[in-house]
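Undergrad: This is start-v2.cif, which holds mmCIF, C-alpha atoms:
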data_query
#
loop_
_atom_site.label_atom_id
_atom_site.label_comp_id
_atom_site.auth_asym_id
_atom_site.auth_seq_id
_atom_site.Cartn_x
_atom_site.Cartn_y
_atom_site.Cartn_z
CA MET A 5 81.06 103.91 110.31
CA ALA A 6 77.48 103.66 111.56
CA ALA A 7 74.93 102.04 109.27
CA MET A 8 72.16 104.14 107.75
CA PRO A 9 68.79 104.09 109.57
CA ALA A 10 66.57 101.14 108.76
CA VAL A 11 63.37 101.53 106.79
CA GLN A 12 62.73 97.84 106.15
CA ALA A 13 63.62 94.79 108.19
CA SER A 14 67.32 94.04 107.74
CA GLU A 15 67.36 90.32 108.55
CA GLN A 16 67.16 89.50 104.84
CA ASP A 17 70.37 91.42 104.29
CA GLU A 18 72.25 88.90 106.41
CA SER A 19 71.66 86.12 103.87
CA PRO A 20 73.78 85.34 100.80
CA ILE A 21 72.78 86.77 97.44
CA PRO A 22 72.10 83.95 94.94
CA THR A 23 73.36 84.80 91.46
CA SER A 24 69.98 83.89 90.01
CA GLU A 25 68.34 86.66 92.05
CA VAL A 26 70.58 89.48 90.78
CA ALA A 27 68.41 91.95 88.89
CA PRO A 28 69.26 93.22 85.40
CA ILE A 29 71.18 96.45 84.92
CA SER A 30 67.95 98.45 84.91
CA GLY A 31 67.68 97.47 88.56
CA PRO A 32 64.81 97.20 91.01
CA ASP A 33 62.81 100.07 92.47
CA ILE A 34 65.12 102.04 94.78
CA SER A 35 62.84 104.95 95.58
CA HIS A 36 62.47 103.73 99.18
CA LEU A 37 66.23 103.37 99.80
CA ILE A 38 68.05 105.88 101.96
CA THR A 39 71.31 106.63 100.12
CA GLU A 40 72.37 109.63 102.24
CA ASP A 41 71.90 109.97 105.99
CA ASP A 42 73.69 113.34 106.46
CA GLU A 43 75.61 111.99 109.43
CA PRO A 44 79.20 113.23 109.86
CA VAL A 45 82.20 110.94 109.82
CA ASP A 46 83.62 109.71 113.11
CA SER A 47 86.49 112.18 113.39
CA ILE A 48 88.89 114.41 111.50
CA LEU A 49 91.46 111.62 111.74
CA CYS A 50 89.01 109.17 110.14
CA GLU A 51 88.12 111.66 107.41
CA LYS A 52 91.79 112.22 106.55
CA GLN A 53 92.48 108.49 106.55
CA GLN A 54 89.54 107.89 104.21
CA ARG A 55 90.87 110.50 101.80
CA LEU A 56 94.37 109.03 101.95
CA LEU A 57 92.87 105.71 100.86
CA THR A 58 91.05 107.19 97.84
CA GLU A 59 92.85 110.28 96.51
CA PRO A 60 96.20 108.60 95.66
CA LEU A 61 94.43 105.95 93.59
CA TYR A 62 92.86 108.60 91.37
CA SER A 63 95.91 110.89 91.21
CA SER A 64 98.71 108.34 90.86
CA TRP A 65 97.48 104.78 90.22
CA SER A 66 97.13 103.58 86.64
CA GLY A 67 94.55 101.00 87.65
CA PRO A 68 94.57 97.20 87.93
CA PRO A 69 96.98 95.25 85.70
CA PRO A 70 95.69 95.43 82.11
CA GLU A 71 94.03 92.49 80.43
CA GLU A 72 95.94 90.26 78.00
CA ASP A 73 94.90 92.52 75.14
CA GLY A 74 96.58 95.45 76.90
CA VAL A 75 93.39 97.39 77.44
CA ALA A 76 93.48 99.55 80.57
CA ARG A 77 91.00 98.70 83.32
CA VAL A 78 88.83 101.21 85.14
CA PHE A 79 88.10 101.25 88.85
CA MET A 80 86.00 102.94 91.50
CA ALA A 81 87.38 104.08 94.87
CA LEU A 82 84.82 105.49 97.30
CA ALA A 83 84.84 106.65 100.91
CA ASN A 84 81.88 106.67 103.30
CA VAL A 85 79.37 105.82 100.55
CA GLY A 86 76.45 103.42 100.88
CA PHE A 87 77.00 99.87 99.65
CA PHE A 88 73.77 97.98 98.90
CA PRO A 89 74.26 94.24 98.37
CA LYS A 90 70.46 93.99 98.00
CA PRO A 91 67.72 96.61 97.48
CA VAL A 92 66.83 96.83 101.17
CA ASN A 93 67.80 99.16 104.00
CA PRO A 94 70.02 99.63 105.85
CA ALA A 95 73.02 99.96 103.57
CA LEU A 96 76.52 99.08 104.60
CA VAL A 97 78.67 102.21 104.66
CA PRO A 98 82.32 101.14 104.43
CA ASP A 99 84.95 103.70 105.25
CA MET A 100 86.50 102.86 101.89
CA LEU A 101 85.77 100.47 99.04
CA LEU A 102 87.65 99.67 95.85
CA ALA A 103 86.07 97.93 92.88
CA ALA A 104 87.91 97.06 89.66
CA ASP A 105 86.28 97.10 86.23
CA VAL A 106 83.47 99.42 87.31
CA GLN A 107 83.31 103.20 87.19
CA VAL A 108 81.33 106.12 88.52
CA ASP A 109 78.57 107.34 86.22
CA GLU A 110 78.97 110.91 84.96
CA ASP A 111 75.54 112.02 86.19
CA LEU A 112 75.78 111.75 89.98
CA SER A 113 72.54 113.65 90.46
CA LYS A 114 70.60 110.47 89.72
CA LYS A 115 69.74 108.39 92.75
CA GLU A 116 70.85 105.17 91.03
CA ASN A 117 74.38 106.62 90.79
CA ARG A 118 74.73 107.91 94.35
CA SER A 119 75.59 104.63 96.04
CA TYR A 120 77.30 101.36 95.19
CA PHE A 121 74.43 99.11 94.13
CA GLN A 122 75.80 95.61 93.72
CA TRP A 123 73.13 94.53 91.22
CA GLN A 124 73.89 97.55 89.04
CA HIS A 125 77.65 96.93 88.85
CA GLY A 126 77.30 93.16 88.67
CA LYS A 127 79.80 92.46 91.44
CA ALA A 128 80.70 93.21 95.03
CA PRO A 129 83.64 95.54 95.71
CA ASP A 130 87.03 93.87 95.49
CA VAL A 131 88.31 95.49 98.70
CA VAL A 132 86.51 97.01 101.66
CA VAL A 133 88.42 98.85 104.41
CA GLU A 134 86.87 99.67 107.77
CA LEU A 135 88.51 102.07 110.23
CA VAL A 136 88.04 101.39 113.92
CA SER A 137 87.58 104.37 116.22
CA ASN A 138 85.65 102.70 119.06
CA ARG A 139 84.23 99.33 120.11
CA LYS A 140 80.75 99.95 118.68
CA GLY A 141 81.37 99.35 114.98
CA SER A 142 81.15 95.54 114.99
CA GLU A 143 83.90 95.43 112.36
CA LEU A 144 85.02 91.91 113.28
CA ASP A 145 81.58 90.34 113.72
CA VAL A 146 78.41 91.82 112.17
CA ARG A 147 80.16 93.72 109.40
CA TYR A 148 82.58 90.86 108.85
CA ARG A 149 79.67 88.50 108.21
CA ARG A 150 77.75 90.94 105.99
CA TYR A 151 80.74 91.65 103.76
CA ARG A 152 81.46 87.93 103.55
CA ARG A 153 77.89 87.14 102.54
CA ALA A 154 77.90 89.96 99.99
CA GLY A 155 80.95 88.39 98.34
CA VAL A 156 83.52 91.14 99.03
CA SER A 157 86.82 89.57 97.94
CA TYR A 158 89.05 91.24 100.53
CA TYR A 159 88.11 92.76 103.86
CA VAL A 160 90.55 94.89 105.87
CA VAL A 161 89.99 96.28 109.36
CA TYR A 162 92.41 99.02 110.45
CA ASP A 163 92.53 99.60 114.19
CA PRO A 164 95.22 102.27 114.77
CA LEU A 165 94.01 103.02 118.31
CA ARG A 166 93.98 99.27 119.17
CA CYS A 167 90.38 99.36 120.31
CA LEU A 168 89.94 95.69 119.39
CA GLY A 169 93.27 94.33 120.64
CA GLU A 170 96.97 94.53 119.90
CA VAL A 171 96.68 93.83 116.16
CA CYS A 172 96.36 97.03 114.09
CA VAL A 173 95.65 95.54 110.67
CA HIS A 174 93.27 92.62 110.20
CA SER A 175 92.98 91.36 106.64
CA PHE A 176 90.82 88.59 105.20
CA ARG A 177 90.46 86.91 101.82
CA LEU A 178 87.27 85.27 100.56
CA ALA A 179 87.79 81.54 99.99
CA GLY A 180 84.58 79.99 98.80
CA ASN A 181 81.93 81.27 101.21
CA LEU A 182 84.32 81.90 104.09
CA TYR A 183 86.93 84.47 104.99
CA GLU A 184 90.45 83.26 105.73
CA ARG A 185 92.90 85.49 107.56
CA MET A 186 95.83 86.86 105.57
CA ASP A 187 99.33 87.47 106.89
CA ALA A 188 99.34 90.86 105.17
CA PRO A 189 96.82 92.83 103.08
CA ARG A 190 98.08 92.02 99.57
CA PHE A 191 95.77 91.97 96.57
CA GLU A 192 97.58 90.20 93.75
CA THR A 193 94.85 90.62 91.11
CA LEU A 194 94.86 94.38 91.67
CA GLY A 195 98.62 94.77 91.88
CA LEU A 196 98.17 96.53 95.21
CA ALA A 197 98.85 96.11 98.90
CA LEU A 198 98.20 98.12 102.07
CA THR A 199 100.94 99.11 104.47
CA GLU A 200 101.32 101.21 107.61
CA TRP A 201 103.36 104.35 106.99
CA HIS A 202 104.60 106.99 109.40
CA GLY A 203 104.76 110.49 108.02
CA ALA A 204 102.92 113.76 107.41
CA PHE A 205 99.67 113.89 105.46
CA GLU A 206 97.96 117.26 105.10
CA ASN A 207 100.15 118.74 107.86
CA THR A 208 99.24 115.95 110.27
CA THR A 209 102.06 113.64 111.29
CA GLY A 210 101.21 110.14 112.41
CA THR A 211 100.88 106.54 111.32
CA TRP A 212 98.58 105.95 108.37
CA LEU A 213 97.29 103.07 106.29
CA ARG A 214 98.41 103.56 102.70
CA TRP A 215 98.27 101.87 99.32
CA CYS A 216 101.46 100.58 97.80
CA THR A 217 102.46 98.37 94.91
CA LEU A 218 103.26 94.71 95.53
CA ASP A 219 106.97 95.56 95.80
CA GLY A 220 106.22 98.04 98.60
CA THR A 221 106.43 101.30 96.62
CA LEU A 222 103.94 103.82 98.01
CA ILE A 223 101.21 105.14 95.71
CA PRO A 224 101.86 108.89 96.10
CA THR A 225 99.22 111.50 96.77
CA GLY A 226 98.71 114.30 94.28
CA ALA A 227 100.58 116.66 96.63
CA GLU A 228 103.49 114.23 96.90
CA ARG A 229 103.63 113.88 93.12
CA ALA A 230 103.63 117.66 92.74
CA GLU A 231 106.34 118.01 95.37
CA GLU A 232 108.44 115.31 93.71
CA ALA A 233 107.92 116.94 90.31
CA GLY A 234 108.97 120.26 91.85
CA LYS A 235 112.12 118.65 93.27
CA ARG A 236 112.93 117.09 89.91
CA ALA A 237 112.38 120.43 88.18
CA GLU A 238 114.59 122.15 90.77
CA GLU A 239 117.29 119.51 90.34
CA ALA A 240 117.00 119.82 86.55
CA GLY A 241 117.33 123.59 86.95
CA LYS A 242 120.43 123.14 89.09
CA ARG A 243 121.91 120.72 86.57
CA ALA A 244 121.14 123.17 83.76
CA GLU A 245 122.71 125.99 85.78
CA GLU A 246 125.79 123.88 86.48
CA ALA A 247 125.97 122.90 82.81
CA GLY A 248 125.68 126.58 81.87
CA LYS A 249 128.47 127.47 84.30
CA ARG A 250 130.63 124.68 82.89
CA ALA A 251 129.93 125.96 79.38
CA GLU A 252 130.73 129.51 80.51
CA ASP A 253 133.99 128.29 82.07
CA ALA A 254 134.80 126.39 78.88
CA ASP A 255 134.09 129.51 76.83
CA LYS A 256 136.35 131.54 79.14
CA ARG A 257 139.11 128.97 78.83
CA ALA A 258 138.69 128.97 75.04
CA GLU A 259 138.85 132.79 75.04
CA ASP A 260 141.97 132.70 77.20
CA GLU A 261 143.51 130.18 74.81
CA ARG A 262 142.55 132.40 71.87
CA LEU A 263 144.13 135.43 73.52
CA ARG A 264 147.25 133.44 74.36
CA ALA A 265 147.40 132.22 70.75
CA GLU A 266 146.96 135.79 69.49
CA ASP A 267 149.73 136.94 71.85
CA ALA A 268 151.97 134.12 70.64
CA ASP A 269 151.21 135.05 67.04
CA LYS A 270 152.01 138.70 67.82
CA ARG A 271 155.30 137.73 69.46
CA ALA A 272 156.12 135.52 66.47
CA GLU A 273 155.31 138.40 64.11
CA ASP A 274 157.49 140.75 66.17
CA GLU A 275 160.33 138.23 66.04
CA ARG A 276 159.85 137.90 62.27
CA LEU A 277 159.94 141.68 61.85
CA ARG A 278 163.02 141.96 64.06
CA ALA A 279 164.70 139.20 62.10
CA GLU A 280 163.74 140.89 58.84
CA ASP A 281 165.11 144.21 60.11
CA ALA A 282 168.30 142.50 61.19
CA ASP A 283 168.64 140.90 57.77
CA LYS A 284 168.22 144.33 56.18
CA ARG A 285 170.87 145.84 58.45
CA VAL A 286 173.25 143.02 57.60
CA ALA A 287 172.52 143.50 53.91
CA ARG A 288 173.20 147.23 54.18
CA ALA A 289 176.41 146.61 56.10
CA GLU A 290 177.56 144.10 53.49
CA GLU A 291 176.72 146.57 50.71
CA ARG A 292 178.74 149.31 52.43
CA MET A 293 181.62 146.85 52.89
CA ARG A 294 181.49 145.94 49.21
CA GLN A 295 181.49 149.60 48.21
CA LEU A 296 184.39 150.30 50.56
CA GLU A 297 186.41 147.44 49.09
CA GLU A 298 185.78 148.68 45.56
CA LEU A 299 186.87 152.18 46.61
CA LEU A 300 190.08 150.84 48.13
CA ARG A 301 190.82 148.80 45.03
CA ALA A 302 190.29 151.84 42.85
CA GLN A 303 192.62 153.96 44.99
CA SER A 304 195.31 151.30 44.96
CA LYS A 305 195.28 151.20 41.16
CA GLY A 306 195.56 155.00 40.84
#
As structure tokens, what does this structure read like?

TA:
Amino acid sequence: MAAMPAVQASEQDESPIPTSEVAPISGPDISHLITEDDEPVDSILCEKQQRLLTEPLYSSWSGPPPEEDGVARVFMALANVGFFPKPVNPALVPDMLLAADVQVDEDLSKKENRSYFQWQHGKAPDVVVELVSNRKGSELDVRYRRYRRAGVSYYVVYDPLRCLGEVCVHSFRLAGNLYERMDAPRFETLGLALTEWHGAFENTTGTWLRWCTLDGTLIPTGAERAEEAGKRAEEAGKRAEEAGKRAEDADKRAEDERLRAEDADKRAEDERLRAEDADKRVARAEERMRQLEELLRAQSKG
């Protein structure tokens, strides 16, 4: 992104910031600083990429690893916002910056809360990401040196259009007062890394730079979380429906068994009644036989 217009000479801004010169939290006079320049971003692609680097952190990231006492840590993720290492113009305007253990003030109407003032937060951002859209941004020279001198811990240059060469992702780590190149953009103290990902973001399919955990798991966007939650709810609904059908089938089988048992009981009762009726007929026949025998005996005696 282009730097904001200069009001004061910027040569001072190229020098390191001695710790002894950092102002107290109240801060120096910033009335002369230009914190908004009203210039648009480079392109729609750049604007979407900036949002993809900030929105997932707020919607899905729990923050840097907690301290030993277990207390959660806050963070600030900003896109296309002025970064003032010192109270002079022009500001650096990184496409994206991430700072742990600092947070946005609630009252953003105040000028002292509209930009990232290093003396106010007491530290430089942990990570700065610059997006390359042409050869005019000086991401690997002027900006590289200014972020290094400001003490930015990690500096990443993403060049998806390969304006600066064949390498798409350049990543650097501050070692002392110098940047050393990293094999991959991994930020151990934050529990984060950056990775290239091919897919659709806001109905635009392409290759994007995205945050992930150190094991490579993507930090999802709010839309992705909602979609995943919807899928889980749909799957839970299907499982509930299947469980209901299984219960219904079990109830039907139980009802069939009950009806079969009732039918068996009815058949057994019919058999009992038939047997009882047969016993009665036999008893009647035996009684008639006994009476007939007595009649014959009586006749034989007479």

Undergrad: For Ala188 in chain A, work out the shell of residues within 9 Å, counting all atoms listed in the file and skipping chain neighbours fewer than 5 positions away, then give it as a PyMOL selection string.

TA: chain A and resi 173-176+197-199

Undergrad: For Arg149 in chain A, find every residue with an atom within 9 Å (counting only C-alpha atoms), except residues of its own chain fewer than 4 positions away, and show them as an mmCIF file with C-alpha atoms, keeping the file's coordinate frame.

TA:
data_model
loop_
_atom_site.group_PDB
_atom_site.id
_atom_site.type_symbol
_atom_site.label_atom_id
_atom_site.label_comp_id
_atom_site.auth_asym_id
_atom_site.auth_seq_id
_atom_site.Cartn_x
_atom_site.Cartn_y
_atom_site.Cartn_z
ATOM 1 C CA GLU A 18 72.250 88.900 106.410
ATOM 2 C CA LEU A 144 85.020 91.910 113.280
ATOM 3 C CA ASP A 145 81.580 90.340 113.720
ATOM 4 C CA ARG A 153 77.890 87.140 102.540
ATOM 5 C CA ALA A 154 77.900 89.960 99.990
ATOM 6 C CA TYR A 183 86.930 84.470 104.990
#

Undergrad: As an exercise, work out the distance from CA of Val108 in chain A to CA of Val146 in chain A in Å and give it to one decimal place.

TA: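 Atom-to-atom, CA of Val108 in chain A to CA of Val146 in chain A, that is 27.8 Å.
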
Undergrad: Excluding Ser157 in chain A and residues on its chain fewer than 2 positions from it, collect all residues at most 12 Å away from it, counting only C-alpha atoms, and give them as a PyMOL selection string.

TA: chain A and resi 101-104+127-133+148+151-155+159-160+175-184+189-194

Undergrad: What does the distance from CA of Pro60 in chain A to CA of Ala95 in chain A come to in Å, to one decimal?

TA: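 CA of Pro60 in chain A sits 26.0 Å away from CA of Ala95 in chain A.
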
Undergrad: In Å, with one decimal, what is the gap from CA of Met80 in chain A to CA of Thr208 in chain A?

TA: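 Atom-to-atom, CA of Met80 in chain A and CA of Thr208 in chain A are spaced 26.4 Å apart.
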
Undergrad: Smallest atom-to-atom distance to Leu61 in chain A: which of A:Val286, A:Cys216, A:Cys172, A:Leu263, using only C-alpha atoms?

TA: A:Cys216

Undergrad: Can you put N, CA and C atoms back into range 280-302 of chain A and show it as a CSV table (one decimal), in the frame of the given file?

TA:
chain,number,residue,atom,x,y,z
A,280,GLU,N,163.7,140.3,60.2
A,280,GLU,CA,163.7,140.9,58.8
A,280,GLU,C,164.5,142.2,58.9
A,281,ASP,N,164.4,143.0,60.0
A,281,ASP,CA,165.1,144.2,60.1
A,281,ASP,C,166.6,143.9,60.3
A,282,ALA,N,166.9,142.9,61.0
A,282,ALA,CA,168.3,142.5,61.2
A,282,ALA,C,168.9,142.1,59.9
A,283,ASP,N,168.2,141.3,59.1
A,283,ASP,CA,168.6,140.9,57.8
A,283,ASP,C,168.9,142.1,56.9
A,284,LYS,N,168.0,143.1,57.0
A,284,LYS,CA,168.2,144.3,56.2
A,284,LYS,C,169.5,145.1,56.6
A,285,ARG,N,169.7,145.1,58.0
A,285,ARG,CA,170.9,145.8,58.4
A,285,ARG,C,172.1,145.1,58.0
A,286,VAL,N,172.1,143.8,58.1
A,286,VAL,CA,173.2,143.0,57.6
A,286,VAL,C,173.5,143.3,56.1
A,287,ALA,N,172.4,143.3,55.4
A,287,ALA,CA,172.5,143.5,53.9
A,287,ALA,C,173.1,144.9,53.6
A,288,ARG,N,172.7,145.9,54.4
A,288,ARG,CA,173.2,147.2,54.2
A,288,ARG,C,174.7,147.3,54.6
A,289,ALA,N,175.0,146.6,55.7
A,289,ALA,CA,176.4,146.6,56.1
A,289,ALA,C,177.3,145.9,55.1
A,290,GLU,N,176.8,144.8,54.5
A,290,GLU,CA,177.6,144.1,53.5
A,290,GLU,C,177.7,145.0,52.2
A,291,GLU,N,176.6,145.7,51.9
A,291,GLU,CA,176.7,146.6,50.7
A,291,GLU,C,177.7,147.7,50.9
A,292,ARG,N,177.8,148.3,52.1
A,292,ARG,CA,178.7,149.3,52.4
A,292,ARG,C,180.2,148.7,52.4
A,293,MET,N,180.3,147.5,52.9
A,293,MET,CA,181.6,146.8,52.9
A,293,MET,C,182.1,146.6,51.5
A,294,ARG,N,181.1,146.2,50.6
A,294,ARG,CA,181.5,145.9,49.2
A,294,ARG,C,181.9,147.2,48.5
A,295,GLN,N,181.2,148.3,48.8
A,295,GLN,CA,181.5,149.6,48.2
A,295,GLN,C,182.8,150.1,48.7
A,296,LEU,N,183.1,149.9,50.0
A,296,LEU,CA,184.4,150.3,50.6
A,296,LEU,C,185.5,149.5,49.9
A,297,GLU,N,185.4,148.3,49.7
A,297,GLU,CA,186.4,147.4,49.1
A,297,GLU,C,186.7,147.9,47.7
A,298,GLU,N,185.6,148.2,46.9
A,298,GLU,CA,185.8,148.7,45.6
A,298,GLU,C,186.5,150.0,45.5
A,299,LEU,N,186.2,150.9,46.5
A,299,LEU,CA,186.9,152.2,46.6
A,299,LEU,C,188.4,152.0,46.9
A,300,LEU,N,188.7,151.1,47.8
A,300,LEU,CA,190.1,150.8,48.1
A,300,LEU,C,190.8,150.3,46.9
A,301,ARG,N,190.2,149.4,46.2
A,301,ARG,CA,190.8,148.8,45.0
A,301,ARG,C,191.1,149.9,44.0
A,302,ALA,N,190.1,150.8,43.8
A,302,ALA,CA,190.3,151.8,42.8
A,302,ALA,C,191.4,152.8,43.3
